[in-house]
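**Q** Sharing a structure with you now.
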Amino acid sequence: MKHIKAFGAFWCDFVVGDDWHVAALVVIGLGLTAALTHAAKVNAWWLLPIVVFAALAWSLHRATAHRK
Amino acid sequence: MNALPLILTVFVACAVEAVEALTIVLAAGITREWRSTFQGMGAALVVLAVITAAIGPAVSHLPLTPLRLVVGALLAIFGLQWLRKAVLRATGYKTLHDEASAYLREVTAAKEAAAESRRGVNDWYAFTLSFKGVLLEGLEVVFIVITFGANQKDIGAAVIGAVAAIVVITITGIAVRAPLTKVPENWMKFAVGVMLTSFGTFWGAEGAGVDWPGNDGALLVLVPAVALFAAACIFWLRARKTAAAAPAKETETVGS
């Protein structure tokens with residue numbers, strides 16, 4: 001069990017990295033894009049780039065806000 | 001799409017990882033024993049080859065739309081990690097990855113470790129150090145080769161890029177016989193982060209059902225846009241750092 005947990009933790013860290021918020025935002029952005037495209041029939045090609053830019057800026061802000 | 005951007009992206013990404021792996025292998029080989037170091041490196045390369053051979057063809061047979069959605073998401077997340085680190089390093093919020101000090105750290109640890117023979121390997125420490133270093137750095141290479149190759153339906157081109165990078169770095173390492181400290185690692189990571197994020201965004205959105213204006217031509221706008229935005233983040237963080245440091249200096253001047 002310990003080894004399985006360690007294996008899972010390694011892959012989680014490998015893919016998600018230092019800030020899980022970035023991964024969450026990308027997944028939410030893709031979900032919204034799919035919903036807009038399929039349910040509302042909007043070709044929302046612009047949404048994911050906006051989410052990606054926002055995720056990077058927000059993550060950098062969080063990492064540096066209280067540091068000099 | 002032309003195979004050249006695929007080969008170049010994989011080449012640069014793999015070169016960065018190969019430089020880091022080379023540092024560990026050199027530290028193990030020079031301070032401990034070359035035979036065990038090569039055995040560790042060889043074992044790691046076999047594991048990586050098995051992973052690529054097992055996952056690569058399986059991923060290639062998946063339907064393209066869900067594949068692009070999942071792989072696009074993974075690449076975008078992975079690319080943003082690389083970009084985030086590269087921007088933080090470029091602005092001094094995170095220390096630059098220094099191959100010379102990484103090498104010294106590994107050498108010091110290798111000198112202190114006791115020699116032990118195990119499972120037909122003369123020096124178990126050199127074996128495991130080399131094995132872990134090559135395996136961990138190589139996993140990122142495998143990830144990039146499989147995701148890029150599968151999405152472009154051209155794993156062969158991705159493998160060419162990866163192998164070329166490993167050969168170039170290995171030959172350079174043998175010639176120099178020292179860690180490659182002059183490789184601009186952070187800027188290479190920045191460039192790869194831009195490519196991974198751009199391709200991940202492009203494929204992920206396509207997998208979610210989007211039709212990009214200009215089809216593949218949209219990448220010609222997306223890649224520079226991501227690069228410019230990340231560069232703007234560097235300027236923003238540098239300006240913020242300067243602004244944060246200014247009141248402190250003023251206080252010092254007033255105080256003195």
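Letters A, B, ... mark the chains of the structure tokens in the order given; residue numbers begin at 1 per chain; ligand numbers begin at 1, in order shown.
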Within 7 Å of region 75-90 of chain B, counting only C-alpha atoms, which residues show up once you throw out same-chain ones fewer than 6 positions away? Write them as a PyMOL selection string, please.
**A** (chain A and resi 15-17+22-23+26+56+60) or (chain B and resi 96+186+189-190+193-194+196-197+200-201+234)
**Q** Contacts from chain B to chain A, 6 Å maximum, only C-alpha atoms: show me the residue list as a ChimeraX atom specification.
**A** /B:77,208,210,212,241
**Q** Using only C-alpha atoms, which residues sit within 9 Å of Asp123 (chain B) once same-chain residues fewer than 3 positions away are excluded, as a ChimeraX atom specification?
**A** /B:32-33,35-37,115-118,126-128
**Q** Env of Leu220 (chain B): 12 Å cut, atoms = only C-alpha atoms, seq-sep filter 3 positions within chain, self excluded. Answer as a PyMOL selection string.
**A** chain B and resi 1+5+195+198-199+202+212-217+223-227
**Q** Would you mind exporting N, CA and C atoms of the selected residues as a CSV table (one decimal), in the first residue's frame?
**A**
chain,number,residue,atom,x,y,z
B,1,MET,N,0.9,18.8,-40.6
B,1,MET,CA,1.9,19.7,-40.1
B,1,MET,C,3.3,19.2,-40.5
B,5,PRO,N,9.0,21.3,-36.7
B,5,PRO,CA,8.7,21.9,-35.4
B,5,PRO,C,8.7,20.8,-34.3
B,195,MET,N,6.6,26.2,-26.2
B,195,MET,CA,6.1,25.2,-27.2
B,195,MET,C,5.1,24.2,-26.6
B,198,SER,N,1.8,26.1,-25.8
B,198,SER,CA,1.1,26.4,-27.0
B,198,SER,C,0.5,25.2,-27.7
B,199,PHE,N,1.3,24.1,-27.9
B,199,PHE,CA,0.7,22.9,-28.5
B,199,PHE,C,-0.4,22.3,-27.6
B,202,PHE,N,-3.5,24.3,-28.0
B,202,PHE,CA,-4.0,24.1,-29.4
B,202,PHE,C,-4.7,22.7,-29.5
B,212,TRP,N,-10.1,25.9,-34.8
B,212,TRP,CA,-9.2,27.1,-34.7
B,212,TRP,C,-9.3,27.9,-36.0
B,213,PRO,N,-9.4,29.2,-35.9
B,213,PRO,CA,-9.3,30.0,-37.1
B,213,PRO,C,-8.0,29.8,-37.8
B,214,GLY,N,-8.0,29.4,-39.1
B,214,GLY,CA,-6.8,29.2,-39.8
B,214,GLY,C,-6.2,27.8,-39.6
B,215,ASN,N,-7.0,26.9,-38.9
B,215,ASN,CA,-6.5,25.5,-38.6
B,215,ASN,C,-5.1,25.5,-38.0
B,216,ASP,N,-4.2,24.7,-38.6
B,216,ASP,CA,-2.9,24.6,-38.0
B,216,ASP,C,-2.1,25.9,-38.0
B,217,GLY,N,-2.5,26.8,-38.9
B,217,GLY,CA,-1.9,28.2,-39.0
B,217,GLY,C,-2.1,29.0,-37.7
B,223,VAL,N,2.0,30.4,-30.7
B,223,VAL,CA,3.3,30.3,-30.1
B,223,VAL,C,3.9,31.6,-29.8
B,224,PRO,N,4.0,32.6,-30.7
B,224,PRO,CA,4.5,33.9,-30.3
B,224,PRO,C,3.7,34.6,-29.2
B,225,ALA,N,2.4,34.4,-29.2
B,225,ALA,CA,1.6,35.0,-28.2
B,225,ALA,C,1.9,34.5,-26.8
B,226,VAL,N,2.1,33.2,-26.7
B,226,VAL,CA,2.5,32.6,-25.4
B,226,VAL,C,3.9,33.1,-25.0
B,227,ALA,N,4.8,33.2,-26.0
B,227,ALA,CA,6.2,33.7,-25.7
B,227,ALA,C,6.2,35.1,-25.2
**Q** May I have the residues within 10 Å of Ile160 (chain B) as JSON, numbers by chain, using only C-alpha atoms and disregarding those fewer than 3 positions away in the same chain?
**A** {"B": [6, 7, 8, 10, 11, 145, 155, 156, 157, 163, 164, 165, 166]}
**Q** Just asking: which residues within region 1-155 of chain B are helix (DSSP H, G or I) according to DSSP, as an MDAnalysis selection string?
**A** chainID B and resid 3:31 34:60 64:90 99:112 124:151 155
**Q** Next, write the just-selected residues to a file, as a tab-separated table (two decimals), in the first residue's frame, keeping C-alpha atoms as the atom set.
**A**
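Listing of out28.tsv after writing:
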chain	number	residue	atom	x	y	z
B	3	ALA	CA	7.68	17.35	-38.85
B	4	LEU	CA	10.40	19.97	-38.30
B	5	PRO	CA	8.71	21.90	-35.41
B	6	LEU	CA	8.01	18.54	-33.75
B	7	ILE	CA	11.64	17.38	-34.10
B	8	LEU	CA	13.04	20.75	-32.93
B	9	THR	CA	10.75	20.98	-29.88
B	10	VAL	CA	11.56	17.44	-28.78
B	11	PHE	CA	15.27	18.06	-29.50
B	12	VAL	CA	15.49	21.15	-27.26
B	13	ALA	CA	13.38	19.58	-24.47
B	14	CYS	CA	15.49	16.43	-24.50
B	15	ALA	CA	18.74	18.39	-24.65
B	16	VAL	CA	17.84	20.16	-21.39
B	17	GLU	CA	17.05	16.87	-19.67
B	18	ALA	CA	20.15	15.21	-21.13
B	19	VAL	CA	22.38	17.99	-19.73
B	20	GLU	CA	20.95	17.37	-16.24
B	21	ALA	CA	21.33	13.59	-16.57
B	22	LEU	CA	24.91	14.02	-17.85
B	23	THR	CA	25.84	16.01	-14.73
B	24	ILE	CA	24.73	13.12	-12.49
B	25	VAL	CA	26.39	10.45	-14.64
B	26	LEU	CA	29.69	12.39	-14.70
B	27	ALA	CA	29.59	12.86	-10.92
B	28	ALA	CA	29.01	9.14	-10.39
B	29	GLY	CA	31.56	8.02	-12.96
B	30	ILE	CA	34.42	10.36	-12.08
B	31	THR	CA	34.19	10.02	-8.29
B	34	TRP	CA	32.61	4.08	-14.55
B	35	ARG	CA	31.59	0.44	-15.03
B	36	SER	CA	28.81	0.55	-12.40
B	37	THR	CA	27.78	4.02	-13.60
B	38	PHE	CA	27.35	2.75	-17.17
B	39	GLN	CA	25.45	-0.28	-15.87
B	40	GLY	CA	23.04	2.06	-14.04
B	41	MET	CA	22.68	4.26	-17.12
B	42	GLY	CA	22.10	1.24	-19.35
B	43	ALA	CA	19.47	-0.22	-16.99
B	44	ALA	CA	17.62	3.12	-16.92
B	45	LEU	CA	17.72	3.39	-20.73
B	46	VAL	CA	16.28	-0.13	-21.01
B	47	VAL	CA	13.42	0.78	-18.61
B	48	LEU	CA	12.74	3.98	-20.60
B	49	ALA	CA	12.78	2.05	-23.90
B	50	VAL	CA	10.32	-0.51	-22.48
B	51	ILE	CA	7.99	2.29	-21.25
B	52	THR	CA	8.12	4.00	-24.66
B	53	ALA	CA	7.59	0.74	-26.54
B	54	ALA	CA	4.65	-0.22	-24.30
B	55	ILE	CA	2.83	3.11	-24.09
B	56	GLY	CA	3.74	4.70	-27.45
B	57	PRO	CA	1.94	2.29	-29.82
B	58	ALA	CA	-1.01	1.94	-27.40
B	59	VAL	CA	-1.51	5.72	-27.29
B	60	SER	CA	-1.15	5.96	-31.09
B	64	LEU	CA	-7.65	11.39	-32.11
B	65	THR	CA	-10.28	13.66	-30.48
B	66	PRO	CA	-10.17	12.26	-26.90
B	67	LEU	CA	-6.42	11.78	-27.27
B	68	ARG	CA	-5.97	15.47	-28.11
B	69	LEU	CA	-8.18	16.50	-25.19
B	70	VAL	CA	-6.25	14.47	-22.61
B	71	VAL	CA	-2.79	14.96	-24.07
B	72	GLY	CA	-3.47	18.65	-24.71
B	73	ALA	CA	-4.44	19.12	-21.07
B	74	LEU	CA	-1.35	17.26	-19.84
B	75	LEU	CA	0.97	19.18	-22.17
B	76	ALA	CA	-0.52	22.55	-21.24
B	77	ILE	CA	-0.15	21.76	-17.51
B	78	PHE	CA	3.37	20.43	-18.01
B	79	GLY	CA	4.35	23.39	-20.22
B	80	LEU	CA	2.98	25.93	-17.73
B	81	GLN	CA	5.11	24.27	-15.01
B	82	TRP	CA	8.23	24.74	-17.14
B	83	LEU	CA	7.29	28.32	-18.02
B	84	ARG	CA	6.52	29.17	-14.40
B	85	LYS	CA	9.92	27.87	-13.25
B	86	ALA	CA	11.76	29.58	-16.13
B	87	VAL	CA	10.08	32.94	-15.39
B	88	LEU	CA	10.77	32.64	-11.63
B	89	ARG	CA	14.42	31.80	-12.35
B	90	ALA	CA	14.80	34.61	-14.89
B	99	GLU	CA	25.13	22.52	-13.29
B	100	ALA	CA	28.47	23.33	-11.62
B	101	SER	CA	27.00	23.42	-8.10
B	102	ALA	CA	24.71	20.45	-8.83
B	103	TYR	CA	27.82	18.54	-9.91
B	104	LEU	CA	29.73	19.54	-6.76
B	105	ARG	CA	26.80	18.44	-4.57
B	106	GLU	CA	26.66	15.03	-6.24
B	107	VAL	CA	30.46	14.64	-6.08
B	108	THR	CA	30.54	15.44	-2.35
B	109	ALA	CA	27.75	12.96	-1.62
B	110	ALA	CA	29.38	10.32	-3.85
B	111	LYS	CA	32.74	10.69	-2.08
B	112	GLU	CA	31.15	10.22	1.34
B	124	TRP	CA	25.91	-0.08	-5.88
B	125	TYR	CA	25.96	3.64	-5.05
B	126	ALA	CA	27.29	4.62	-8.50
B	127	PHE	CA	24.76	2.28	-10.14
B	128	THR	CA	21.72	3.67	-8.30
B	129	LEU	CA	22.84	7.31	-8.63
B	130	SER	CA	23.26	6.93	-12.37
B	131	PHE	CA	20.08	4.82	-12.74
B	132	LYS	CA	17.87	7.28	-10.83
B	133	GLY	CA	19.31	10.34	-12.57
B	134	VAL	CA	18.87	8.96	-16.09
B	135	LEU	CA	15.44	7.45	-15.32
B	136	LEU	CA	13.96	10.60	-13.76
B	137	GLU	CA	15.27	12.97	-16.44
B	138	GLY	CA	14.39	10.42	-19.12
B	139	LEU	CA	10.76	10.13	-17.97
B	140	GLU	CA	10.17	13.74	-19.00
B	141	VAL	CA	11.71	12.97	-22.38
B	142	VAL	CA	9.46	9.92	-22.80
B	143	PHE	CA	6.41	11.97	-21.82
B	144	ILE	CA	7.20	14.63	-24.42
B	145	VAL	CA	8.09	12.10	-27.14
B	146	ILE	CA	4.87	10.12	-26.64
B	147	THR	CA	2.49	13.07	-26.31
B	148	PHE	CA	3.92	15.06	-29.21
B	149	GLY	CA	4.50	12.01	-31.39
B	150	ALA	CA	1.05	10.52	-30.78
B	151	ASN	CA	-0.76	13.78	-31.44
B	155	ILE	CA	6.29	9.04	-33.01
